[in-house]
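Comments concern the structure below.
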Amino acid sequence: MTYNEAENLANCIASVPWKDDVHVLDSYSSDTTCSIAKDAGATVHLRTFTGYAEQRNFGLALAFENDWIVCLDADERMTPELAREIELQISNAPQDLAMLLVRRKDMFLGRWLRHSSGYPTWFPRAFRRGRVQVRREINEEYYHEGVARKLASHLVHFPFNKGVEWWFERHNRYSTIEASVLLQERRSRPINVAEIFCNDSVKRRIALKQLLYRMPLRPFVVFIYLYVFRLGFLDGVAGLHFASMRMAYEIMINAKLEACKIGHA
């Protein structure tokens, strides 16, 4: 999925070893994203962006040639180790295997945020066609028919390739959507305490997030958690800045959530 990803897309596609059936789902970029995609041999599809879940579901339903779909964000890079592991898993996949989960190495100021990023967080990135449905407008949730399996190798993630200012602009937009979604969920979706302790990492993360967003002083809790308890200080200056930026993001969500409650958002 792309929108104005000229800085990222060529390197993203170049990192993928499977070039016979590459698709880019673009939301009418105003830069050279589409021409870069075509030059790299990808098929480009245009669709107006209507939300992350809807966009991903549309993408997963494209006419792929194979039964398995590997999905990357434009600022992610496939590694040779992960590519080999995906090939091995797919070649020996039992019929009930529906989804493969990977971890990312988030890069900032020239280093991997090994601690302050909250690593390890698992992201679905390979899907058996027709077995996965994406829900939630932001910070999507992946519901699958069958088994999900964790992989040992990593993606490399470059969330600051467009600059720190762009990161804040994006998270300003994200916080607006997140506040609206959280307000709806508080009204219609109670916390499932049992899922906090279940073995499914996706369900556990959803339940823990629901709990976290009901905690008082959550932005400061997030900072202390990332910088102190997760040893973010070992990431040096990058760790301090990133944990502070995460706190700022949570503050934006809180402020907008309160505004939504009184109808002033």
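Residue numbering restarts at 1 for every chain of the structure tokens, chains are lettered A, B, ... in their displayed order, and ligands are numbered from 1 as they appear.
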
May I have all residues of stretch 115-160 of chain A that DSSP, computed from the backbone, assigns to strand (DSSP E or B), given as a count of residues only? 26

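The space separating atom CA of A:Pro216 from atom CA of A:Trp167 comes to 25.6 Å.
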
Could you check the closest approach to A:His45 for each of A:Leu88, A:Met99, A:Val222, A:Leu25 and tell me which residue wins, using only C-alpha atoms? A:Leu25

Select from stretch 135-210 of chain A every residue with an atom at most 10 Å from any atom of stretch 63-76 of chain A, then for each give the shortest pair of atoms and their distance in Å to one decimal, using only C-alpha atoms, rows by chain and rising number, as CSV.
residue,atom,partner,partner_atom,distance
A:Leu155,CA,A:Glu76,CA,6.5
A:Val156,CA,A:Glu76,CA,5.6
A:His157,CA,A:Glu76,CA,4.5
A:Phe158,CA,A:Asp75,CA,5.3
A:Pro159,CA,A:Asp75,CA,6.1
A:Phe160,CA,A:Asp75,CA,8.6
A:Asn161,CA,A:Asp75,CA,7.4
A:Lys162,CA,A:Asp75,CA,9.4

Could you list, with a cut-off of 12 Å and counting only C-alpha atoms, the residues of stretch 79-119 of chain A near stretch 141-144 of chain A, each shown with its nearest atom pair and the distance in Å rounded to one decimal, rows sorted by chain and ascending number, as JSON lines?
{"residue": "A:Asp96", "atom": "CA", "partner": "A:His144", "partner_atom": "CA", "distance": 10.2}
{"residue": "A:Leu97", "atom": "CA", "partner": "A:His144", "partner_atom": "CA", "distance": 9.4}
{"residue": "A:Ala98", "atom": "CA", "partner": "A:His144", "partner_atom": "CA", "distance": 6.4}
{"residue": "A:Met99", "atom": "CA", "partner": "A:His144", "partner_atom": "CA", "distance": 7.2}
{"residue": "A:Leu100", "atom": "CA", "partner": "A:His144", "partner_atom": "CA", "distance": 10.6}
{"residue": "A:Leu101", "atom": "CA", "partner": "A:Tyr142", "partner_atom": "CA", "distance": 10.7}

Same residues, N, CA and C atoms, saved as a short mmCIF file (atom, residue, chain, number, x, y, z; two decimals), in the first residue's frame:
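The resulting file, again_9.cif, is shown below:
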data_model
loop_
_atom_site.label_atom_id
_atom_site.label_comp_id
_atom_site.auth_asym_id
_atom_site.auth_seq_id
_atom_site.Cartn_x
_atom_site.Cartn_y
_atom_site.Cartn_z
N ASP A 96 -3.74 -26.05 7.60
CA ASP A 96 -4.34 -25.13 8.57
C ASP A 96 -3.50 -23.88 8.82
N LEU A 97 -2.31 -23.79 8.21
CA LEU A 97 -1.48 -22.61 8.38
C LEU A 97 -2.05 -21.46 7.54
N ALA A 98 -2.41 -20.36 8.20
CA ALA A 98 -3.08 -19.25 7.51
C ALA A 98 -2.24 -17.99 7.45
N MET A 99 -1.29 -17.82 8.39
CA MET A 99 -0.64 -16.53 8.50
C MET A 99 0.72 -16.69 9.16
N LEU A 100 1.70 -15.89 8.70
CA LEU A 100 3.04 -15.88 9.28
C LEU A 100 3.31 -14.52 9.91
N LEU A 101 3.86 -14.53 11.12
CA LEU A 101 4.15 -13.31 11.86
C LEU A 101 5.65 -13.06 11.93
#

Identify, on the basis of only C-alpha atoms, every residue whose closest approach to A:Ile177 does not exceed 8 Å; exclude the query and any residue fewer than 4 positions from it along the same chain; express the result as a PyMOL selection string. chain A and resi 137-138+173+181

Can I get the selected residues back with N, CA and C atoms, as a compact mmCIF listing (two decimals), in the first residue's frame?
# COMPACT_ATOMS: atom_id res chain seq x y z
N GLU A 137 -9.90 0.37 11.86
CA GLU A 137 -9.50 1.39 10.89
C GLU A 137 -8.02 1.75 10.99
N ILE A 138 -7.44 1.66 12.19
CA ILE A 138 -6.02 1.98 12.38
C ILE A 138 -5.44 0.99 13.37
N ARG A 173 -2.14 12.57 12.30
CA ARG A 173 -3.30 11.99 11.63
C ARG A 173 -3.73 10.70 12.32
N VAL A 181 -11.68 5.87 17.04
CA VAL A 181 -11.90 4.42 17.15
C VAL A 181 -11.99 3.99 18.61

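When the distance limit is 9 Å and only C-alpha atoms are what count, the residues near A:Arg47, minus those fewer than 2 positions from it on the same chain, are Leu25, Asp26, Ser27, Tyr28, His45, Phe49, Thr50, Gln55 and Phe58 of chain A.
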
Residues from the last selection, C-alpha atoms, saved as a compact mmCIF listing (two decimals), in the first residue's frame:
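Wrote result-v4.txt, looks like this:
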# COMPACT_ATOMS: atom_id res chain seq x y z
CA LEU A 25 -2.00 -0.57 -4.26
CA ASP A 26 -1.73 3.21 -4.49
CA SER A 27 -4.04 5.92 -3.16
CA TYR A 28 -3.49 8.36 -6.05
CA HIS A 45 -3.74 -0.54 -8.77
CA PHE A 49 -8.01 5.48 0.58
CA THR A 50 -11.01 4.74 2.82
CA GLN A 55 -7.50 -0.86 1.89
CA PHE A 58 -9.02 -4.83 -1.02

All residues 8 Å or closer to A:Ser175, only C-alpha atoms, same chain fewer than 6 positions away omitted, as number ranges by chain: A: 249-250, 252-253, 256

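For the set A:Ala53, A:Ala10, A:Ala194, A:Leu60, the residue with the smallest atom-to-atom gap to A:Thr32 is A:Ala10, counting only C-alpha atoms.
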
Within 8 Å of A:Glu5, counting only C-alpha atoms, which residues show up once you throw out same-chain ones fewer than 4 positions away? Write them as a PDB file with all heavy atoms, in the first residue's frame, please.
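File part-v2.pdb, as written:
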ATOM      1  N   LEU A   9       9.878   3.345  -2.043  1.00  0.00           N
ATOM      2  CA  LEU A   9       9.329   2.197  -2.764  1.00  0.00           C
ATOM      3  C   LEU A   9      10.366   1.401  -3.549  1.00  0.00           C
ATOM      4  O   LEU A   9      10.342   0.162  -3.540  1.00  0.00           O
ATOM      5  CB  LEU A   9       8.206   2.650  -3.695  1.00  0.00           C
ATOM      6  CG  LEU A   9       7.447   1.514  -4.384  1.00  0.00           C
ATOM      7  CD1 LEU A   9       6.835   0.559  -3.362  1.00  0.00           C
ATOM      8  CD2 LEU A   9       6.366   2.070  -5.301  1.00  0.00           C
ATOM      9  N   SER A  29      -1.171   8.756  -5.533  1.00  0.00           N
ATOM     10  CA  SER A  29      -0.006   9.542  -5.134  1.00  0.00           C
ATOM     11  C   SER A  29       0.196  10.727  -6.070  1.00  0.00           C
ATOM     12  O   SER A  29      -0.065  10.646  -7.282  1.00  0.00           O
ATOM     13  CB  SER A  29       1.252   8.671  -5.147  1.00  0.00           C
ATOM     14  OG  SER A  29       1.206   7.706  -4.122  1.00  0.00           O
ATOM     15  N   ASP A  31       3.279  12.162  -6.207  1.00  0.00           N
ATOM     16  CA  ASP A  31       4.702  12.148  -6.554  1.00  0.00           C
ATOM     17  C   ASP A  31       4.953  11.055  -7.597  1.00  0.00           C
ATOM     18  O   ASP A  31       4.044  10.673  -8.326  1.00  0.00           O
ATOM     19  CB  ASP A  31       5.573  11.975  -5.298  1.00  0.00           C
ATOM     20  CG  ASP A  31       5.352  10.627  -4.620  1.00  0.00           C
ATOM     21  OD1 ASP A  31       4.573   9.793  -5.149  1.00  0.00           O
ATOM     22  OD2 ASP A  31       5.969  10.391  -3.563  1.00  0.00           O
ATOM     23  N   THR A  33       5.591   7.884  -7.200  1.00  0.00           N
ATOM     24  CA  THR A  33       5.444   6.528  -6.677  1.00  0.00           C
ATOM     25  C   THR A  33       5.013   5.537  -7.753  1.00  0.00           C
ATOM     26  O   THR A  33       5.600   4.456  -7.895  1.00  0.00           O
ATOM     27  CB  THR A  33       4.429   6.513  -5.522  1.00  0.00           C
ATOM     28  OG1 THR A  33       4.945   7.270  -4.427  1.00  0.00           O
ATOM     29  CG2 THR A  33       4.147   5.091  -5.058  1.00  0.00           C
ATOM     30  N   ALA A  74       5.851   0.221   2.586  1.00  0.00           N
ATOM     31  CA  ALA A  74       6.889   0.768   1.716  1.00  0.00           C
ATOM     32  C   ALA A  74       8.178   1.076   2.469  1.00  0.00           C
ATOM     33  O   ALA A  74       9.262   1.062   1.872  1.00  0.00           O
ATOM     34  CB  ALA A  74       6.376   2.028   1.014  1.00  0.00           C
TER      35      ALA A  74
END

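Proximity ranking of A:Gly236, A:Asn8, A:Pro219, A:Arg56 relative to A:Ala37 places A:Asn8 first, based on only C-alpha atoms.
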
From a backbone DSSP assignment, name each residue in stretch 59-237 of chain A labelled helix (DSSP H, G or I), as a PyMOL selection string. chain A and resi 59-60+80-91+164-188+193-197+201-212+218-229+232-237

One number please: atom CA of A:Lys261 to atom CA of A:Leu182, in Å, one decimal. 10.7 Å

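Rounded to one decimal, atom CA of A:Arg103 and atom CA of A:Ala126 lie 12.2 Å from each other.
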
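Comparing the minimum interatomic distances between A:Leu217 and each of A:Ala83, A:Ala61, A:Leu231, A:Ile251, counting only C-alpha atoms, we find that A:Ile251 sits nearest.
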
Excluding same-chain residues fewer than 4 positions from stretch 240-245 of chain A, what lies within 7 Å of it counting only C-alpha atoms, as a count of residues only? 8

From the options A:Ala152, A:Ile90, A:Ile206, A:Val164, which residue's atoms come nearest to A:Glu140, counting only C-alpha atoms? A:Ile206

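Counting only C-alpha atoms, the residue from A:Ile86, A:Val44, A:Ser35, A:Arg214 that sits nearest to A:Trp18 is A:Ile86.
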